[in-house]
$ cat model29.csv   # CSV, C-alpha atoms
chain,number,residue,atom,x,y,z
A,1268,MET,CA,-30.2,0.0,11.2
A,1269,ILE,CA,-27.3,-1.2,13.3
A,1270,ILE,CA,-27.5,-4.7,11.8
A,1271,LEU,CA,-27.7,-3.3,8.3
A,1272,LYS,CA,-24.7,-1.2,8.9
A,1273,PHE,CA,-22.8,-4.2,10.2
A,1274,ILE,CA,-23.7,-6.2,7.1
A,1275,ILE,CA,-22.6,-3.4,4.8
A,1276,ILE,CA,-19.3,-3.1,6.5
A,1277,ILE,CA,-18.6,-6.9,6.2
A,1278,GLN,CA,-19.5,-6.9,2.6
A,1279,GLN,CA,-16.9,-4.3,1.9
A,1280,PHE,CA,-14.2,-6.8,2.6
A,1281,ILE,CA,-15.4,-10.3,1.8
A,1282,ILE,CA,-16.0,-9.6,-1.9
A,1283,PRO,CA,-13.2,-11.0,-4.2
A,1284,SER,CA,-9.9,-9.3,-3.8
A,1285,HIS,CA,-9.3,-6.4,-6.2
A,1286,LYS,CA,-6.8,-5.7,-8.9
A,1287,GLN,CA,-4.7,-2.6,-8.7
A,1288,GLU,CA,-4.6,0.7,-10.5
A,1289,ILE,CA,-4.4,2.5,-13.7
A,1290,MET,CA,-4.0,6.2,-12.7
A,1291,THR,CA,-6.0,7.8,-15.6
A,1292,LYS,CA,-8.6,9.1,-13.1
A,1293,GLN,CA,-6.0,11.1,-11.2
A,1294,ASN,CA,-4.2,12.2,-14.4
A,1295,PRO,CA,-6.6,12.1,-17.3
A,1296,ASN,CA,-4.0,13.8,-19.6
A,1297,PRO,CA,-0.8,11.9,-19.3
A,1298,THR,CA,2.4,13.2,-20.7
A,1299,GLN,CA,4.2,11.4,-23.6
A,1300,ASN,CA,6.6,9.9,-21.1
A,1301,GLN,CA,3.8,8.6,-19.0
A,1302,ALA,CA,2.0,7.2,-22.0
A,1303,GLN,CA,5.2,5.3,-23.0
A,1304,GLU,CA,6.0,4.0,-19.5
A,1305,LYS,CA,6.7,0.3,-18.9
A,1306,GLN,CA,3.5,-1.7,-18.0
A,1307,TRP,CA,3.1,-4.7,-15.7
A,1308,PHE,CA,0.0,-6.8,-15.1
A,1309,PRO,CA,-1.8,-5.7,-11.9
A,1310,LEU,CA,-1.7,-7.5,-8.6
A,1311,GLU,CA,-4.5,-8.6,-6.4
A,1312,SER,CA,-5.1,-7.4,-2.8
A,1313,ASN,CA,-4.9,-11.0,-1.6
A,1314,PRO,CA,-3.0,-11.8,1.6
A,1315,ALA,CA,-2.1,-15.4,0.6
A,1316,LEU,CA,-0.8,-14.1,-2.7
A,1317,LEU,CA,1.2,-11.3,-1.2
A,1318,ASN,CA,2.7,-13.5,1.5
A,1319,GLN,CA,3.9,-15.9,-1.2
A,1320,TYR,CA,5.2,-13.0,-3.2
A,1321,ILE,CA,7.3,-11.4,-0.4
A,1322,SER,CA,8.6,-14.9,0.4
A,1323,LYS,CA,10.0,-15.1,-3.1
A,1324,LEU,CA,11.4,-11.6,-2.8
A,1325,GLY,CA,13.3,-12.8,0.3
A,1326,PHE,CA,11.2,-11.9,3.3
A,1327,GLN,CA,10.5,-14.9,5.5
A,1328,THR,CA,6.9,-14.9,6.7
A,1329,ASP,CA,7.4,-17.0,9.9
A,1330,ILE,CA,7.4,-13.8,12.0
A,1331,ASN,CA,5.3,-11.3,10.1
A,1332,GLU,CA,2.8,-11.7,7.3
A,1333,PHE,CA,-0.1,-9.9,5.6
A,1334,THR,CA,-3.5,-10.6,7.0
A,1335,ASP,CA,-7.0,-9.3,6.3
A,1336,VAL,CA,-8.6,-6.4,8.2
A,1337,PHE,CA,-12.3,-7.0,7.8
A,1338,SER,CA,-13.5,-3.6,8.9
A,1339,THR,CA,-12.4,-0.3,10.3
A,1340,GLU,CA,-14.6,-0.9,13.3
A,1341,PRO,CA,-13.0,-1.6,16.7
A,1342,TRP,CA,-14.2,-5.3,16.8
A,1343,ALA,CA,-12.3,-6.0,13.6
A,1344,LEU,CA,-9.1,-4.1,14.6
A,1345,ASP,CA,-9.1,-6.1,17.9
A,1346,MET,CA,-8.9,-9.3,15.8
A,1347,VAL,CA,-5.6,-8.3,14.2
A,1348,PRO,CA,-2.4,-9.5,15.9
A,1349,LYS,CA,-0.2,-6.6,17.3
A,1350,PRO,CA,2.0,-4.8,16.8
A,1351,VAL,CA,1.2,-4.0,13.2
A,1352,SER,CA,4.1,-2.8,11.1
A,1353,ALA,CA,2.3,-1.5,8.1
A,1354,VAL,CA,-1.2,-1.3,6.5
A,1355,VAL,CA,-1.7,-1.8,2.8
A,1356,VAL,CA,-4.9,-0.5,1.3
A,1357,CYS,CA,-6.5,-1.1,-2.2
A,1358,PHE,CA,-9.2,1.4,-2.9
A,1359,PRO,CA,-11.4,2.6,-5.9
A,1360,MET,CA,-10.5,5.9,-7.5
A,1361,THR,CA,-13.9,7.4,-7.7
A,1362,GLU,CA,-14.2,11.2,-8.0
A,1363,LYS,CA,-15.6,11.5,-4.5
A,1364,ILE,CA,-12.9,9.4,-2.9
A,1365,LEU,CA,-10.1,11.2,-4.8
A,1366,CYS,CA,-11.6,14.6,-3.8
A,1367,LYS,CA,-11.6,13.5,-0.1
A,1368,ARG,CA,-8.1,12.2,-0.4
A,1369,ARG,CA,-6.8,15.5,-1.7
A,1370,GLN,CA,-8.6,17.2,1.2
A,1371,LEU,CA,-6.9,15.0,3.7
A,1372,HIS,CA,-3.5,15.5,2.1
A,1373,SER,CA,-4.0,19.3,2.3
A,1374,GLU,CA,-5.1,19.1,5.9
A,1375,SER,CA,-2.0,17.0,6.7
A,1376,VAL,CA,0.3,19.6,5.2
A,1377,SER,CA,-1.4,22.3,7.2
A,1378,LEU,CA,-1.2,20.2,10.4
A,1379,MET,CA,2.6,19.9,10.1
A,1380,GLU,CA,3.0,23.6,9.3
A,1381,ASP,CA,0.8,24.7,12.2
A,1382,SER,CA,1.9,22.3,14.9
A,1383,PRO,CA,5.4,23.2,16.1
A,1384,ASN,CA,5.1,20.4,18.7
A,1385,ILE,CA,5.2,17.8,16.0
A,1386,GLU,CA,8.8,17.2,15.1
A,1387,SER,CA,9.5,16.5,11.5
A,1388,THR,CA,10.9,13.1,10.7
A,1389,GLY,CA,14.0,13.3,8.4
A,1390,GLU,CA,13.6,12.3,4.8
A,1391,ASP,CA,16.3,9.6,5.3
A,1392,ASP,CA,14.1,7.9,8.0
A,1393,VAL,CA,11.3,7.1,5.6
A,1394,TRP,CA,12.0,4.6,2.8
A,1395,TYR,CA,10.1,6.0,-0.2
A,1396,ILE,CA,10.1,5.1,-3.9
A,1397,LYS,CA,8.5,6.8,-6.9
A,1398,GLN,CA,6.2,4.7,-9.2
A,1399,ARG,CA,7.0,5.0,-12.9
A,1400,ILE,CA,5.8,1.6,-14.0
A,1401,ARG,CA,2.1,1.3,-14.9
A,1402,ASN,CA,0.2,-1.2,-12.7
A,1403,ALA,CA,3.2,-1.6,-10.3
A,1404,CYS,CA,1.4,0.0,-7.4
A,1405,GLY,CA,0.9,-3.4,-5.7
A,1406,THR,CA,4.7,-4.0,-5.7
A,1407,ILE,CA,5.4,-0.4,-4.7
A,1408,ALA,CA,3.0,-0.7,-1.7
A,1409,VAL,CA,4.6,-4.0,-0.7
A,1410,LEU,CA,8.1,-2.5,-0.8
A,1411,HIS,CA,7.0,0.5,1.2
A,1412,ALA,CA,5.5,-1.8,3.8
A,1413,LEU,CA,8.6,-4.1,4.0
A,1414,ALA,CA,11.3,-1.4,3.9
A,1415,ASN,CA,9.7,0.6,6.7
A,1416,THR,CA,9.3,-2.4,8.9
A,1417,PRO,CA,11.2,-2.1,12.3
A,1418,GLN,CA,14.8,-2.9,11.9
A,1419,ASN,CA,14.8,-5.8,14.3
A,1420,ILE,CA,12.1,-7.6,12.2
A,1421,LEU,CA,14.0,-6.8,8.9
A,1422,GLU,CA,17.2,-8.2,10.2
A,1423,SER,CA,15.6,-11.4,11.4
A,1424,SER,CA,13.3,-11.9,8.4
A,1425,ILE,CA,15.3,-11.0,5.2
A,1426,ARG,CA,17.4,-13.8,3.7
A,1427,PRO,CA,20.9,-12.5,3.1
A,1428,SER,CA,21.2,-13.8,-0.4
A,1429,SER,CA,17.8,-12.7,-1.6
A,1430,TRP,CA,16.6,-10.1,-4.1
A,1431,LEU,CA,15.1,-8.0,-1.3
A,1432,HIS,CA,18.3,-7.9,0.7
A,1433,SER,CA,20.3,-6.8,-2.3
A,1434,PHE,CA,17.7,-4.2,-3.4
A,1435,LEU,CA,17.4,-2.5,0.0
A,1436,LYS,CA,21.2,-2.5,0.4
A,1437,ASN,CA,21.7,-0.8,-3.0
A,1438,CYS,CA,18.7,1.5,-2.5
A,1439,PRO,CA,18.7,2.6,1.2
A,1440,ALA,CA,16.3,5.2,2.6
A,1441,SER,CA,18.8,7.9,2.0
A,1442,SER,CA,18.8,7.3,-1.8
A,1443,SER,CA,16.4,9.5,-3.8
A,1444,PRO,CA,13.0,8.2,-4.7
A,1445,LEU,CA,13.8,8.6,-8.4
A,1446,ASP,CA,17.0,6.6,-8.1
A,1447,LYS,CA,15.1,3.8,-6.4
A,1448,ALA,CA,12.5,3.9,-9.2
A,1449,THR,CA,15.2,3.7,-11.9
A,1450,ALA,CA,16.8,0.7,-10.2
A,1451,LEU,CA,13.4,-1.0,-10.0
A,1452,GLU,CA,12.6,-0.3,-13.7
A,1453,ASN,CA,15.9,-1.8,-14.8
A,1454,ASP,CA,15.6,-4.9,-12.7
A,1455,PRO,CA,14.4,-8.0,-14.6
A,1456,THR,CA,14.3,-10.1,-11.5
A,1457,ILE,CA,11.6,-8.1,-9.7
A,1458,GLU,CA,9.6,-7.8,-13.0
A,1459,ALA,CA,9.6,-11.6,-13.2
A,1460,PHE,CA,8.6,-12.0,-9.6
A,1461,HIS,CA,5.7,-9.5,-10.1
A,1462,GLU,CA,4.7,-11.3,-13.3
A,1463,ASP,CA,4.6,-14.7,-11.5
A,1464,ALA,CA,2.4,-13.2,-8.7
A,1465,ALA,CA,0.0,-11.6,-11.2
A,1466,ASN,CA,-0.4,-14.9,-12.9
A,1467,ASP,CA,-0.5,-17.1,-9.8
A,1468,PHE,CA,-3.3,-19.7,-9.4
A,1469,SER,CA,-4.4,-18.1,-6.1
A,1470,ASN,CA,-5.7,-15.0,-7.9
A,1471,GLN,CA,-9.5,-14.8,-7.5
A,1472,THR,CA,-10.1,-12.5,-10.5
A,1473,PRO,CA,-9.1,-12.8,-14.2
A,1474,ARG,CA,-5.6,-11.6,-15.1
A,1475,GLY,CA,-6.9,-9.3,-17.9
A,1476,ASN,CA,-4.7,-7.2,-20.2
A,1477,LYS,CA,-2.0,-4.7,-19.4
A,1478,GLY,CA,-4.0,-1.9,-21.1
A,1479,ASP,CA,-7.2,-2.5,-19.2
A,1480,ASP,CA,-8.7,0.5,-17.5
A,1481,ILE,CA,-8.5,-0.5,-13.8
A,1482,ASP,CA,-9.6,2.2,-11.4
A,1483,MET,CA,-8.1,0.6,-8.2
A,1484,HIS,CA,-4.9,1.7,-6.4
A,1485,PHE,CA,-2.6,0.4,-3.7
A,1486,VAL,CA,-1.1,2.6,-1.0
A,1487,SER,CA,0.7,1.9,2.3
A,1488,PHE,CA,0.6,3.4,5.7
A,1489,VAL,CA,3.6,3.0,8.0
A,1490,ASN,CA,4.7,4.2,11.4
A,1491,VAL,CA,8.2,5.9,11.3
A,1492,LYS,CA,9.5,7.3,14.5
A,1493,GLY,CA,6.0,7.9,15.8
A,1494,LYS,CA,4.6,9.5,12.7
A,1495,LEU,CA,1.8,8.1,10.5
A,1496,TYR,CA,2.9,8.2,6.9
A,1497,GLU,CA,0.8,7.4,3.8
A,1498,LEU,CA,3.2,6.3,1.0
A,1499,ASP,CA,2.1,6.4,-2.6
A,1500,GLY,CA,4.7,6.4,-5.4
A,1501,ARG,CA,2.4,8.3,-7.7
A,1502,LEU,CA,2.0,11.3,-5.4
A,1503,GLU,CA,4.0,14.3,-6.6
A,1504,GLN,CA,4.5,15.6,-3.0
A,1505,GLY,CA,5.9,12.3,-1.8
A,1506,PRO,CA,5.2,10.9,1.7
A,1507,ILE,CA,2.1,12.3,3.5
A,1508,CYS,CA,2.3,12.7,7.2
A,1509,HIS,CA,-1.1,12.3,8.9
A,1510,GLY,CA,0.3,13.3,12.3
A,1511,GLU,CA,1.6,11.4,15.3
A,1512,THR,CA,0.9,7.8,16.2
A,1513,THR,CA,2.1,5.1,18.5
A,1514,GLN,CA,2.9,1.4,18.0
A,1515,GLN,CA,-0.3,0.6,20.0
A,1516,ASN,CA,-2.6,2.9,18.0
A,1517,PHE,CA,-1.0,2.7,14.6
A,1518,LEU,CA,-3.6,0.3,13.1
A,1519,LYS,CA,-6.5,2.4,14.5
A,1520,ASP,CA,-5.0,5.6,13.2
A,1521,ALA,CA,-4.3,4.3,9.7
A,1522,CYS,CA,-7.8,2.8,9.4
A,1523,GLY,CA,-9.2,6.1,10.7
A,1524,VAL,CA,-7.8,7.7,7.5
A,1525,VAL,CA,-9.2,4.9,5.3
A,1526,LYS,CA,-12.6,5.2,7.0
A,1527,GLN,CA,-12.8,8.8,5.9
A,1528,LEU,CA,-12.2,7.7,2.3
A,1529,MET,CA,-14.9,5.1,2.6
A,1530,GLU,CA,-17.4,7.5,4.0
A,1531,ALA,CA,-16.7,9.9,1.1
A,1532,ASP,CA,-18.4,7.4,-1.3
A,1533,PRO,CA,-20.8,5.1,0.7
A,1534,SER,CA,-21.9,3.4,-2.4
A,1535,GLU,CA,-18.4,1.9,-3.0
A,1536,MET,CA,-17.7,-1.5,-1.6
A,1537,ARG,CA,-14.4,-2.1,-3.3
A,1538,PHE,CA,-12.0,-1.4,-0.3
A,1539,THR,CA,-9.6,-4.0,1.0
A,1540,ILE,CA,-7.3,-3.5,4.0
A,1541,LEU,CA,-4.3,-5.7,4.8
A,1542,ALA,CA,-2.2,-5.5,8.0
A,1543,PHE,CA,1.4,-6.5,8.1
A,1544,ALA,CA,1.3,-8.1,11.5
A,1545,PRO,CA,2.8,-10.9,13.6
A,1546,LYS,CA,2.0,-14.4,12.4
A,1547,VAL,CA,-0.3,-16.4,14.5
A,1548,SER,CA,0.7,-20.1,14.7
$ encode --input "model29.csv" --output "structure tokens"
Amino acid sequence: MIILKFIIIIQQFIIPSHKQEIMTKQNPNPTQNQAQEKQWFPLESNPALLNQYISKLGFQTDINEFTDVFSTEPWALDMVPKPVSAVVVCFPMTEKILCKRRQLHSESVSLMEDSPNIESTGEDDVWYIKQRIRNACGTIAVLHALANTPQNILESSIRPSSWLHSFLKNCPASSSPLDKATALENDPTIEAFHEDAANDFSNQTPRGNKGDDIDMHFVSFVNVKGKLYELDGRLEQGPICHGETTQQNFLKDACGVVKQLMEADPSEMRFTILAFAPKVS
């Protein structure tokens, strides 16, 4: 049984990388505005692809880069270089998983309300953007990961003349999530970068069509001032705080949340986890 469990865990992450979401399963009756929203082609959860993508955006990957996390088990987490700045997860939106996710979000709200010892992190400390472009959750997750990376890494990794430098300067954490979303929607440069990534030769799955019903979704986990945040631009309530964390335990804590989603639907193998971690030469 131990060997079988080990094989199943491995299989969850070595299957081809997954395309991202269409949110119909969370919102089966979209409003007219949602039905008419701009559409992009979905991205893959593919570290080589995303590293190339963020390099084009302006983030130099000679210090930090995306790397695979092969399991939520300790042996796999030990393989990931530390410290980890962000965790990006692509997961299937089955009813069981979405139900468990809603439960975890409800518990996190209650935790913050019932735990006076957990100080609230100010809204201006967490960089958060709303998603109003269909199939853009891969780019949204990447931006959440990069923008909440420790300042010293940002300052040494972002090229001054790049798109990313300009976007984060014009859309700081203090700007509203909707203002950031509007800026992204009206920016042809990021749309072209996203299009190039979705059409890149390194993709392991067919590009498909913009209107395809894809039940996968990207989210990011970040550590902001000792709090574990789940960032999903589609969530009405905004950033979800899963409690306290530390630089040392961040990857373990983030994967602990993901593991609960995996356990909610054991038949599902379509989870991928990427860590934004120090590059190993």
$ atom_distance --input "model29.csv" --atom1 "atom CA of A:Glu1503" --atom2 "atom CA of A:Glu1462"
26.5 Å
$ residues_around --input "model29.csv" --residues "A:Val1489" --least-positions-apart "5" --cutoff "9 Å" --atoms "all atoms listed in the file" --output "JSON, numbers by chain"
{"A": [1352, 1353, 1354, 1355, 1411, 1412, 1415, 1416, 1494, 1495, 1496, 1497, 1498, 1517, 1521]}
$ write_last_selection --input "model29.csv" --atoms "C-alpha atoms" --output "mmCIF file, keeping the file's coordinate frame"
data_model
loop_
_atom_site.group_PDB
_atom_site.id
_atom_site.type_symbol
_atom_site.label_atom_id
_atom_site.label_comp_id
_atom_site.auth_asym_id
_atom_site.auth_seq_id
_atom_site.Cartn_x
_atom_site.Cartn_y
_atom_site.Cartn_z
ATOM 1 C CA SER A 1352 4.100 -2.800 11.100
ATOM 2 C CA ALA A 1353 2.300 -1.500 8.100
ATOM 3 C CA VAL A 1354 -1.200 -1.300 6.500
ATOM 4 C CA VAL A 1355 -1.700 -1.800 2.800
ATOM 5 C CA HIS A 1411 7.000 0.500 1.200
ATOM 6 C CA ALA A 1412 5.500 -1.800 3.800
ATOM 7 C CA ASN A 1415 9.700 0.600 6.700
ATOM 8 C CA THR A 1416 9.300 -2.400 8.900
ATOM 9 C CA LYS A 1494 4.600 9.500 12.700
ATOM 10 C CA LEU A 1495 1.800 8.100 10.500
ATOM 11 C CA TYR A 1496 2.900 8.200 6.900
ATOM 12 C CA GLU A 1497 0.800 7.400 3.800
ATOM 13 C CA LEU A 1498 3.200 6.300 1.000
ATOM 14 C CA PHE A 1517 -1.000 2.700 14.600
ATOM 15 C CA ALA A 1521 -4.300 4.300 9.700
#
$ residues_around --input "model29.csv" --residues "A:Asp1335" --least-positions-apart "2" --cutoff "8 Å" --atoms "all atoms listed in the file" --output "MDAnalysis selection string"
chainID A and resid 1314 1333 1337 1539:1542
$ write_last_selection --input "model29.csv" --atoms "C-alpha atoms" --output "PDB file, in the frame of the given file"
ATOM      1  CA  PRO A1314      -3.000 -11.800   1.600  1.00  0.00           C
ATOM      2  CA  PHE A1333      -0.100  -9.900   5.600  1.00  0.00           C
ATOM      3  CA  PHE A1337     -12.300  -7.000   7.800  1.00  0.00           C
ATOM      4  CA  THR A1539      -9.600  -4.000   1.000  1.00  0.00           C
ATOM      5  CA  ILE A1540      -7.300  -3.500   4.000  1.00  0.00           C
ATOM      6  CA  LEU A1541      -4.300  -5.700   4.800  1.00  0.00           C
ATOM      7  CA  ALA A1542      -2.200  -5.500   8.000  1.00  0.00           C
TER       8      ALA A1542
END
$ residues_near_point --input "model29.csv" --point "(7.3, 8.7, 0.3)" --cutoff "12 Å" --atoms "all atoms listed in the file" --output "number ranges by chain"
A: 1388-1398, 1407-1408, 1410-1412, 1414-1415, 1440-1445, 1447-1448, 1486-1489, 1491, 1495-1508
$ atom_distance --input "model29.csv" --atom1 "atom CA of A:Leu1528" --atom2 "atom CA of A:Ile1364"
5.5 Å
$ residues_around --input "model29.csv" --residues "A:Leu1371" --least-positions-apart "2" --cutoff "10 Å" --atoms "only C-alpha atoms" --output "list in words"
Leu1365, Cys1366, Lys1367, Arg1368, Arg1369, Ser1373, Glu1374, Ser1375, Val1376, Ser1377, Ile1507, His1509, Val1524, Gln1527 and Leu1528 of chain A
$ residues_around --input "model29.csv" --residues "A:Asn1331" --least-positions-apart "2" --cutoff "8 Å" --atoms "only C-alpha atoms" --output "ChimeraX atom specification"
/A:1327-1329,1333,1543-1546
$ residues_near_point --input "model29.csv" --point "(14.5, -11.9, -2.2)" --cutoff "9 Å" --atoms "all atoms listed in the file" --output "list in words"
Ile1321, Ser1322, Lys1323, Leu1324, Gly1325, Phe1326, Ile1425, Arg1426, Pro1427, Ser1428, Ser1429, Trp1430, Leu1431, His1432, Ser1433, Phe1434 and Ile1457 of chain A
$ closest_residue --input "model29.csv" --among "A:Asn1313, A:Ile1420, A:Ala1403, A:Gln1514" --to "A:Phe1460" --atoms "only C-alpha atoms"
A:Ala1403
$ atom_distance --input "model29.csv" --atom1 "atom CA of A:Pro1359" --atom2 "atom CA of A:His1484"
6.6 Å
$ residues_around --input "model29.csv" --residues "A:His1461" --least-positions-apart "6" --cutoff "12 Å" --atoms "all atoms listed in the file" --output "ChimeraX atom specification"
/A:1306-1311,1316-1317,1319-1321,1323-1324,1400,1402-1407,1409-1410,1451,1454-1455,1467
$ decode --input "model29.csv" --residues "stretch 1339-1364 of chain A" --atoms "N, CA and C atoms" --output "PDB file, in the first residue's frame"
ATOM      1  N   THR A1339       3.292  16.743  -2.506  1.00  0.00           N
ATOM      2  CA  THR A1339       3.137  17.487  -1.255  1.00  0.00           C
ATOM      3  C   THR A1339       3.807  16.774  -0.091  1.00  0.00           C
ATOM      4  N   GLU A1340       4.432  15.623  -0.352  1.00  0.00           N
ATOM      5  CA  GLU A1340       5.099  14.857   0.698  1.00  0.00           C
ATOM      6  C   GLU A1340       6.448  15.493   1.052  1.00  0.00           C
ATOM      7  N   PRO A1341       6.934  15.286   2.292  1.00  0.00           N
ATOM      8  CA  PRO A1341       8.179  15.929   2.747  1.00  0.00           C
ATOM      9  C   PRO A1341       9.386  15.686   1.845  1.00  0.00           C
ATOM     10  N   TRP A1342       9.539  14.456   1.310  1.00  0.00           N
ATOM     11  CA  TRP A1342      10.710  14.166   0.476  1.00  0.00           C
ATOM     12  C   TRP A1342      10.754  15.073  -0.747  1.00  0.00           C
ATOM     13  N   ALA A1343       9.583  15.403  -1.308  1.00  0.00           N
ATOM     14  CA  ALA A1343       9.538  16.255  -2.498  1.00  0.00           C
ATOM     15  C   ALA A1343       9.769  17.722  -2.135  1.00  0.00           C
ATOM     16  N   LEU A1344       9.219  18.156  -1.008  1.00  0.00           N
ATOM     17  CA  LEU A1344       9.411  19.544  -0.577  1.00  0.00           C
ATOM     18  C   LEU A1344      10.874  19.802  -0.245  1.00  0.00           C
ATOM     19  N   ASP A1345      11.562  18.769   0.279  1.00  0.00           N
ATOM     20  CA  ASP A1345      12.987  18.912   0.601  1.00  0.00           C
ATOM     21  C   ASP A1345      13.842  19.106  -0.647  1.00  0.00           C
ATOM     22  N   MET A1346      13.346  18.681  -1.800  1.00  0.00           N
ATOM     23  CA  MET A1346      14.096  18.806  -3.041  1.00  0.00           C
ATOM     24  C   MET A1346      14.077  20.231  -3.595  1.00  0.00           C
ATOM     25  N   VAL A1347      13.131  21.039  -3.144  1.00  0.00           N
ATOM     26  CA  VAL A1347      12.956  22.381  -3.699  1.00  0.00           C
ATOM     27  C   VAL A1347      13.916  23.357  -3.021  1.00  0.00           C
ATOM     28  N   PRO A1348      14.678  24.129  -3.789  1.00  0.00           N
ATOM     29  CA  PRO A1348      15.589  25.119  -3.192  1.00  0.00           C
ATOM     30  C   PRO A1348      14.812  26.128  -2.342  1.00  0.00           C
ATOM     31  N   LYS A1349      15.429  26.576  -1.276  1.00  0.00           N
ATOM     32  CA  LYS A1349      14.796  27.538  -0.365  1.00  0.00           C
ATOM     33  C   LYS A1349      15.620  28.825  -0.329  1.00  0.00           C
ATOM     34  N   PRO A1350      14.988  29.958   0.035  1.00  0.00           N
ATOM     35  CA  PRO A1350      13.572  30.101   0.396  1.00  0.00           C
ATOM     36  C   PRO A1350      12.677  30.236  -0.831  1.00  0.00           C
ATOM     37  N   VAL A1351      11.471  29.729  -0.702  1.00  0.00           N
ATOM     38  CA  VAL A1351      10.481  29.816  -1.769  1.00  0.00           C
ATOM     39  C   VAL A1351       9.705  31.120  -1.606  1.00  0.00           C
ATOM     40  N   SER A1352       9.565  31.861  -2.695  1.00  0.00           N
ATOM     41  CA  SER A1352       8.877  33.163  -2.644  1.00  0.00           C
ATOM     42  C   SER A1352       7.390  33.051  -2.943  1.00  0.00           C
ATOM     43  N   ALA A1353       7.006  32.068  -3.752  1.00  0.00           N
ATOM     44  CA  ALA A1353       5.599  31.905  -4.118  1.00  0.00           C
ATOM     45  C   ALA A1353       5.365  30.483  -4.586  1.00  0.00           C
ATOM     46  N   VAL A1354       4.116  30.056  -4.530  1.00  0.00           N
ATOM     47  CA  VAL A1354       3.711  28.745  -5.035  1.00  0.00           C
ATOM     48  C   VAL A1354       2.536  28.966  -5.983  1.00  0.00           C
ATOM     49  N   VAL A1355       2.649  28.432  -7.189  1.00  0.00           N
ATOM     50  CA  VAL A1355       1.589  28.542  -8.194  1.00  0.00           C
ATOM     51  C   VAL A1355       1.006  27.160  -8.427  1.00  0.00           C
ATOM     52  N   VAL A1356      -0.301  27.064  -8.316  1.00  0.00           N
ATOM     53  CA  VAL A1356      -0.988  25.770  -8.415  1.00  0.00           C
ATOM     54  C   VAL A1356      -1.997  25.814  -9.551  1.00  0.00           C
ATOM     55  N   CYS A1357      -2.026  24.762 -10.345  1.00  0.00           N
ATOM     56  CA  CYS A1357      -3.070  24.582 -11.351  1.00  0.00           C
ATOM     57  C   CYS A1357      -3.867  23.339 -10.945  1.00  0.00           C
ATOM     58  N   PHE A1358      -5.165  23.506 -10.782  1.00  0.00           N
ATOM     59  CA  PHE A1358      -5.969  22.401 -10.246  1.00  0.00           C
ATOM     60  C   PHE A1358      -7.268  22.241 -11.028  1.00  0.00           C
ATOM     61  N   PRO A1359      -7.844  21.027 -10.997  1.00  0.00           N
ATOM     62  CA  PRO A1359      -9.114  20.778 -11.683  1.00  0.00           C
ATOM     63  C   PRO A1359     -10.287  21.262 -10.839  1.00  0.00           C
ATOM     64  N   MET A1360     -11.256  21.859 -11.489  1.00  0.00           N
ATOM     65  CA  MET A1360     -12.402  22.415 -10.760  1.00  0.00           C
ATOM     66  C   MET A1360     -13.559  21.427 -10.720  1.00  0.00           C
ATOM     67  N   THR A1361     -13.337  20.299 -10.062  1.00  0.00           N
ATOM     68  CA  THR A1361     -14.422  19.347  -9.871  1.00  0.00           C
ATOM     69  C   THR A1361     -15.297  19.829  -8.721  1.00  0.00           C
ATOM     70  N   GLU A1362     -16.499  19.308  -8.651  1.00  0.00           N
ATOM     71  CA  GLU A1362     -17.427  19.739  -7.599  1.00  0.00           C
ATOM     72  C   GLU A1362     -16.869  19.452  -6.211  1.00  0.00           C
ATOM     73  N   LYS A1363     -16.224  18.286  -6.044  1.00  0.00           N
ATOM     74  CA  LYS A1363     -15.671  17.935  -4.739  1.00  0.00           C
ATOM     75  C   LYS A1363     -14.562  18.903  -4.328  1.00  0.00           C
ATOM     76  N   ILE A1364     -13.709  19.250  -5.278  1.00  0.00           N
ATOM     77  CA  ILE A1364     -12.593  20.148  -4.979  1.00  0.00           C
ATOM     78  C   ILE A1364     -13.090  21.557  -4.702  1.00  0.00           C
TER      79      ILE A1364
END
